[in-house]
$ cat structure28.txt   # compact mmCIF, C-alpha atoms and all ligand atoms
# COMPACT_ATOMS: atom_id res chain seq x y z
CA MET G 1 -159.34 118.55 33.61
CA ASN G 2 -161.39 115.68 34.92
CA LYS G 3 -165.15 115.49 35.10
CA LYS G 4 -165.41 116.78 38.66
CA ASP G 5 -163.08 119.69 37.97
CA THR G 6 -165.13 120.62 34.95
CA ILE G 7 -168.30 120.77 37.00
CA ASN G 8 -166.67 122.68 39.82
CA SER G 9 -165.40 125.21 37.31
CA SER G 10 -168.84 125.55 35.85
CA ILE G 11 -170.21 126.27 39.32
CA MET G 12 -167.60 128.95 39.97
CA LEU G 13 -168.36 130.55 36.63
CA GLY G 14 -172.04 129.79 36.80
CA ARG G 15 -173.38 133.27 37.47
CA ARG G 16 -171.52 134.86 34.59
CA ASP G 17 -172.36 131.98 32.30
CA PHE G 18 -176.00 132.25 33.23
CA LEU G 19 -176.09 135.94 32.44
CA ILE G 20 -174.49 135.27 29.09
CA ALA G 21 -176.96 132.49 28.49
CA SER G 22 -179.83 134.74 29.48
CA ALA G 23 -178.79 137.20 26.83
CA GLY G 24 -178.18 134.81 24.04
CA ALA G 25 -179.29 131.23 24.44
CA ALA G 26 -183.06 131.04 24.34
CA ALA G 27 -183.14 127.29 24.66
CA TRP G 28 -181.13 127.35 27.85
CA VAL G 29 -183.34 130.04 29.34
CA ALA G 30 -186.45 128.18 28.25
CA MET G 31 -185.24 125.25 30.28
CA GLY G 32 -184.77 127.51 33.29
CA GLY G 33 -181.04 126.97 33.32
CA LEU G 34 -179.61 126.96 36.80
CA PRO G 35 -176.17 128.33 37.49
CA GLY G 36 -173.92 125.47 38.35
CA THR G 37 -176.23 122.68 37.32
CA ALA G 38 -175.58 122.54 33.61
CA GLN G 39 -174.38 119.00 33.53
CA ALA G 40 -172.89 117.30 30.57
CA ALA G 41 -173.48 113.70 29.68
CA SER G 42 -173.64 110.75 32.04
CA PRO G 43 -172.39 109.86 34.54
CA HIS G 44 -174.10 112.65 36.37
CA VAL G 45 -172.47 113.83 39.57
CA LEU G 46 -173.78 115.33 42.77
CA PRO G 47 -173.06 119.08 42.58
CA PRO G 48 -171.24 120.42 45.66
CA LEU G 49 -173.34 122.19 48.28
CA PRO G 50 -172.91 125.98 47.96
CA TYR G 51 -172.06 126.12 51.71
CA ALA G 52 -170.94 123.90 54.58
CA GLU G 53 -173.42 121.32 55.90
CA ASN G 54 -173.76 123.28 59.16
CA ALA G 55 -174.07 126.71 57.50
CA LEU G 56 -177.86 126.86 57.78
CA GLU G 57 -178.02 126.05 61.49
CA PRO G 58 -180.03 126.47 63.61
CA VAL G 59 -182.85 126.67 61.04
CA ILE G 60 -181.75 123.51 59.22
CA THR G 61 -179.23 121.37 61.06
CA ALA G 62 -176.18 119.61 59.63
CA HIS G 63 -177.93 116.40 60.66
CA THR G 64 -180.79 117.11 58.25
CA ILE G 65 -178.46 118.31 55.48
CA GLY G 66 -176.31 115.23 55.94
CA PHE G 67 -179.23 112.96 55.14
CA HIS G 68 -181.00 115.25 52.69
CA TYR G 69 -177.97 116.08 50.58
CA GLY G 70 -175.71 113.13 51.34
CA LYS G 71 -178.33 110.38 51.10
CA HIS G 72 -181.43 111.61 49.26
CA HIS G 73 -179.86 113.94 46.69
CA GLN G 74 -176.96 111.56 46.18
CA GLY G 75 -179.43 108.72 45.84
CA TYR G 76 -181.22 110.38 42.94
CA VAL G 77 -177.89 110.78 41.15
CA GLY G 78 -177.01 107.12 41.59
CA ASN G 79 -180.47 106.00 40.52
CA LEU G 80 -180.45 108.15 37.40
CA ASN G 81 -177.05 106.91 36.28
CA LYS G 82 -178.24 103.31 36.61
CA LEU G 83 -181.52 104.01 34.81
CA ILE G 84 -180.01 105.76 31.80
CA ALA G 85 -176.87 103.68 31.30
CA GLY G 86 -176.87 102.41 27.73
CA THR G 87 -180.14 104.16 26.83
CA GLU G 88 -180.98 107.03 24.50
CA TYR G 89 -180.72 109.31 27.56
CA GLY G 90 -177.18 108.26 28.40
CA ASP G 91 -175.49 111.21 26.72
CA LEU G 92 -178.07 113.90 27.45
CA SER G 93 -177.73 116.75 29.92
CA LEU G 94 -179.93 116.72 32.99
CA GLU G 95 -182.17 119.43 31.58
CA LYS G 96 -182.65 117.55 28.32
CA ILE G 97 -183.52 114.34 30.15
CA ILE G 98 -186.17 116.19 32.17
CA ALA G 99 -187.67 117.72 29.02
CA ALA G 100 -187.59 114.42 27.13
CA THR G 101 -189.29 112.34 29.83
CA ALA G 102 -191.84 114.77 31.30
CA GLY G 103 -195.44 113.64 31.06
CA GLN G 104 -194.57 110.10 29.98
CA PRO G 105 -195.73 107.57 32.57
CA GLU G 106 -193.47 104.85 31.18
CA LYS G 107 -190.47 107.12 31.73
CA SER G 108 -191.47 108.27 35.20
CA ALA G 109 -188.56 106.66 37.01
CA ILE G 110 -186.04 108.50 34.84
CA PHE G 111 -188.00 111.75 35.04
CA ASN G 112 -188.44 111.55 38.81
CA ASN G 113 -184.76 111.01 39.52
CA ALA G 114 -183.55 113.59 36.98
CA ALA G 115 -186.02 116.23 38.16
CA GLN G 116 -185.21 115.55 41.81
CA ILE G 117 -181.52 116.12 41.09
CA TRP G 118 -182.31 119.46 39.45
CA ASN G 119 -184.88 120.52 42.05
CA HIS G 120 -182.57 119.78 44.95
CA THR G 121 -179.61 121.67 43.49
CA PHE G 122 -181.98 124.58 42.90
CA TYR G 123 -183.22 124.30 46.50
CA TRP G 124 -179.72 124.40 48.00
CA ASN G 125 -179.04 127.55 46.01
CA SER G 126 -182.37 129.06 47.09
CA MET G 127 -181.02 129.36 50.64
CA LYS G 128 -177.98 130.88 52.27
CA ALA G 129 -176.69 131.59 55.75
CA LYS G 130 -178.17 134.85 57.02
CA GLY G 131 -180.68 134.94 54.20
CA GLY G 132 -184.21 136.30 54.35
CA GLY G 133 -184.70 139.95 55.18
CA GLU G 134 -185.28 142.65 52.62
CA PRO G 135 -185.05 141.55 48.98
CA PRO G 136 -182.84 143.53 46.58
CA ALA G 137 -184.65 146.60 45.21
CA ALA G 138 -185.12 145.16 41.72
CA LEU G 139 -186.78 142.02 43.10
CA LYS G 140 -188.81 144.00 45.61
CA GLN G 141 -190.27 146.06 42.77
CA LYS G 142 -191.29 142.90 40.91
CA MET G 143 -192.86 141.48 44.08
CA GLU G 144 -194.82 144.66 44.70
CA ALA G 145 -196.00 144.72 41.09
CA SER G 146 -197.21 141.10 41.21
CA PHE G 147 -198.32 140.61 44.82
CA GLY G 148 -198.74 144.12 46.25
CA SER G 149 -195.95 143.75 48.80
CA VAL G 150 -192.99 141.59 49.85
CA ASP G 151 -195.02 140.28 52.78
CA ALA G 152 -197.89 139.28 50.49
CA CYS G 153 -195.44 137.39 48.28
CA LYS G 154 -193.96 135.60 51.28
CA LYS G 155 -197.42 134.75 52.60
CA GLU G 156 -198.40 133.23 49.28
CA LEU G 157 -195.18 131.21 49.16
CA ALA G 158 -195.75 129.98 52.71
CA ALA G 159 -199.36 129.09 51.97
CA ALA G 160 -198.32 127.08 48.90
CA ALA G 161 -195.62 125.27 50.86
CA VAL G 162 -197.88 124.42 53.78
CA SER G 163 -200.87 123.41 51.67
CA GLN G 164 -199.01 121.10 49.28
CA PHE G 165 -200.61 117.75 50.10
CA GLY G 166 -197.90 115.18 50.64
CA SER G 167 -194.46 115.55 49.09
CA GLY G 168 -193.58 118.40 46.78
CA TRP G 169 -192.24 121.87 46.30
CA ALA G 170 -193.30 125.52 46.54
CA TRP G 171 -191.84 127.84 43.90
CA LEU G 172 -191.52 131.50 43.06
CA VAL G 173 -191.55 131.63 39.27
CA LEU G 174 -191.61 134.13 36.45
CA GLU G 175 -194.24 133.65 33.78
CA GLY G 176 -195.20 136.19 31.16
CA GLY G 177 -193.24 138.88 32.98
CA GLN G 178 -195.18 138.33 36.21
CA LEU G 179 -194.00 136.73 39.43
CA LYS G 180 -196.18 133.83 40.50
CA VAL G 181 -196.24 131.25 43.27
CA VAL G 182 -196.87 127.65 42.28
CA LYS G 183 -196.61 124.30 44.00
CA THR G 184 -195.70 120.96 42.49
CA ALA G 185 -196.13 117.39 43.71
CA ASN G 186 -193.37 114.82 44.14
CA ALA G 187 -190.63 115.50 41.55
CA GLU G 188 -192.67 117.77 39.30
CA THR G 189 -190.93 120.99 38.32
CA PRO G 190 -192.12 124.25 36.72
CA LEU G 191 -189.36 123.77 34.15
CA THR G 192 -191.65 121.50 32.16
CA THR G 193 -194.47 124.03 31.93
CA GLY G 194 -192.53 126.93 30.46
CA MET G 195 -192.18 128.85 33.72
CA LYS G 196 -188.85 130.20 34.86
CA PRO G 197 -188.13 129.09 38.45
CA LEU G 198 -186.67 131.79 40.69
CA LEU G 199 -186.48 129.92 43.98
CA THR G 200 -187.97 126.89 45.69
CA VAL G 201 -188.76 125.41 49.11
CA ASP G 202 -188.63 121.63 49.48
CA VAL G 203 -191.61 120.36 51.50
CA TRP G 204 -190.87 116.66 51.32
CA GLU G 205 -190.82 115.41 54.91
CA HIS G 206 -187.14 114.51 54.56
CA ALA G 207 -186.44 118.27 54.29
CA TYR G 208 -187.65 119.07 57.81
CA TYR G 209 -188.77 116.06 59.81
CA LEU G 210 -185.53 115.53 61.76
CA ASP G 211 -185.60 119.16 62.91
CA TYR G 212 -189.29 120.04 63.00
CA GLN G 213 -191.13 116.68 62.99
CA ASN G 214 -194.66 117.43 61.72
CA ARG G 215 -194.38 121.22 62.07
CA ARG G 216 -193.99 122.00 58.37
CA ALA G 217 -195.32 125.55 58.80
CA ASP G 218 -192.55 126.35 61.31
CA TYR G 219 -189.89 125.04 58.92
CA VAL G 220 -191.34 127.06 56.03
CA SER G 221 -191.59 130.32 57.93
CA ALA G 222 -188.06 129.91 59.32
CA VAL G 223 -186.68 129.28 55.82
CA LEU G 224 -188.47 132.31 54.37
CA ASP G 225 -187.48 134.60 57.25
CA LYS G 226 -183.90 133.48 57.83
CA LEU G 227 -182.50 131.54 54.90
CA ILE G 228 -184.18 132.40 51.63
CA ASN G 229 -181.75 133.73 49.06
CA TRP G 230 -183.47 136.65 47.36
CA GLU G 231 -180.31 137.47 45.40
CA PHE G 232 -180.47 134.04 43.77
CA ALA G 233 -184.10 134.68 42.81
CA LEU G 234 -183.21 138.03 41.28
CA GLN G 235 -180.32 136.50 39.39
CA ASN G 236 -182.66 133.91 37.90
CA ALA G 237 -185.18 136.59 36.96
CA GLY G 238 -182.56 138.56 35.01
FE FE G 301 -185.70 116.87 49.27
$ encode --input "structure28.txt" --output "structure tokens"
Amino acid sequence: MNKKDTINSSIMLGRRDFLIASAGAAAWVAMGGLPGTAQAASPHVLPPLPYAENALEPVITAHTIGFHYGKHHQGYVGNLNKLIAGTEYGDLSLEKIIAATAGQPEKSAIFNNAAQIWNHTFYWNSMKAKGGGEPPAALKQKMEASFGSVDACKKELAAAAVSQFGSGWAWLVLEGGQLKVVKTANAETPLTTGMKPLLTVDVWEHAYYLDYQNRRADYVSAVLDKLINWEFALQNAG
């Protein structure tokens, strides 16, 4: 089995593997392990999209996905492989590279590219065709316990996404048994602060500008209403 086949197999088995990991591998859970993104050593590869490039239309067009996934996400993979070739990070998994370089200004190029690979794979999985709507009952209960209602949770997510100044991400996370909404700048990820990411919305301009120009709020509300993958969030909360 070659490298690509190995990764594709891991994606197909990802959900089961993640549940097993959730039960038994504290270190993996502590890193917020993402189904399908557990990557072995370099060279890192661009994980396949979990759907066709036009699957999210009309909310996000194939044109946007083509650039976002095919150019930006791919670009981070190429950059990281160049940056870590022959270094102490060359044989580390993506998650270990993120943990090892977080908060170190002299390692920011490696961190930024590694975290952007992880964040983007997590983002693709945070959406699906015909998403949005009513969350599964188990997630709905958690939302009501932490925010009062599903709508209140969505409003907080939207507010975080819209108010992030410049490039970044809005996240639904689990911390201390509570759901929380946080936002991060640039490539920063809640993984490095001990939170467990459940889902994310990319608010870098490259995520929406071709389709929405400067109307970030319209992009965010459309994603939350029509694409967000609540099942993925619940799976990560398990
Ligand atoms: Fe992005």
$ residues_near_ligand --input "structure28.txt" --ligand "ligand FE 301 (chain G)" --cutoff "12 Å" --atoms "all atoms listed in the file" --output "PyMOL selection string"
chain G and resi 64-76+113+115-124+167-170+185-187+200-209
$ residues_around --input "structure28.txt" --residues "Lys107 (chain G)" --least-positions-apart "6" --cutoff "10 Å" --atoms "only C-alpha atoms" --output "list in words"
Leu83, Ala100 and Thr101 of chain G
$ closest_residue --input "structure28.txt" --among "G:Val150, G:Phe111, G:Ala237, G:Pro135" --to "Val173 (chain G)" --atoms "only C-alpha atoms"
G:Ala237
$ atom_distance --input "structure28.txt" --atom1 "CA of Cys153 (chain G)" --atom2 "CA of Lys140 (chain G)"
9.7 Å
$ closest_residue --input "structure28.txt" --among "G:Gly177, G:Gly133, G:Pro43, G:Pro58" --to "Asp151 (chain G)" --atoms "all atoms listed in the file"
G:Gly133
$ atom_distance --input "structure28.txt" --atom1 "CA of Glu156 (chain G)" --atom2 "CA of Val182 (chain G)"
9.1 Å
$ atom_distance --input "structure28.txt" --atom1 "CA of Asp225 (chain G)" --atom2 "CA of Leu139 (chain G)"
16.0 Å
$ closest_residue --input "structure28.txt" --among "G:Asn236, G:Asn229, G:Gln178, G:Gln104" --to "Glu134 (chain G)" --atoms "all atoms listed in the file"
G:Asn229
$ closest_residue --input "structure28.txt" --among "G:Arg216, G:Lys196, G:His44, G:Lys183" --to "Gly78 (chain G)" --atoms "only C-alpha atoms"
G:His44
$ residues_around --input "structure28.txt" --residues "Val220 (chain G)" --least-positions-apart "4" --cutoff "7 Å" --atoms "all atoms listed in the file" --output "list in words"
Ala158, Ala161, Arg216 and Leu224 of chain G
$ closest_residue --input "structure28.txt" --among "G:Ala233, G:Ala102, G:Leu46, G:Ile60" --to "Asn79 (chain G)" --atoms "only C-alpha atoms"
G:Leu46
$ closest_residue --input "structure28.txt" --among "G:Leu199, G:Leu92, G:Leu210, G:Ala217" --to "Gln164 (chain G)" --atoms "all atoms listed in the file"
G:Ala217
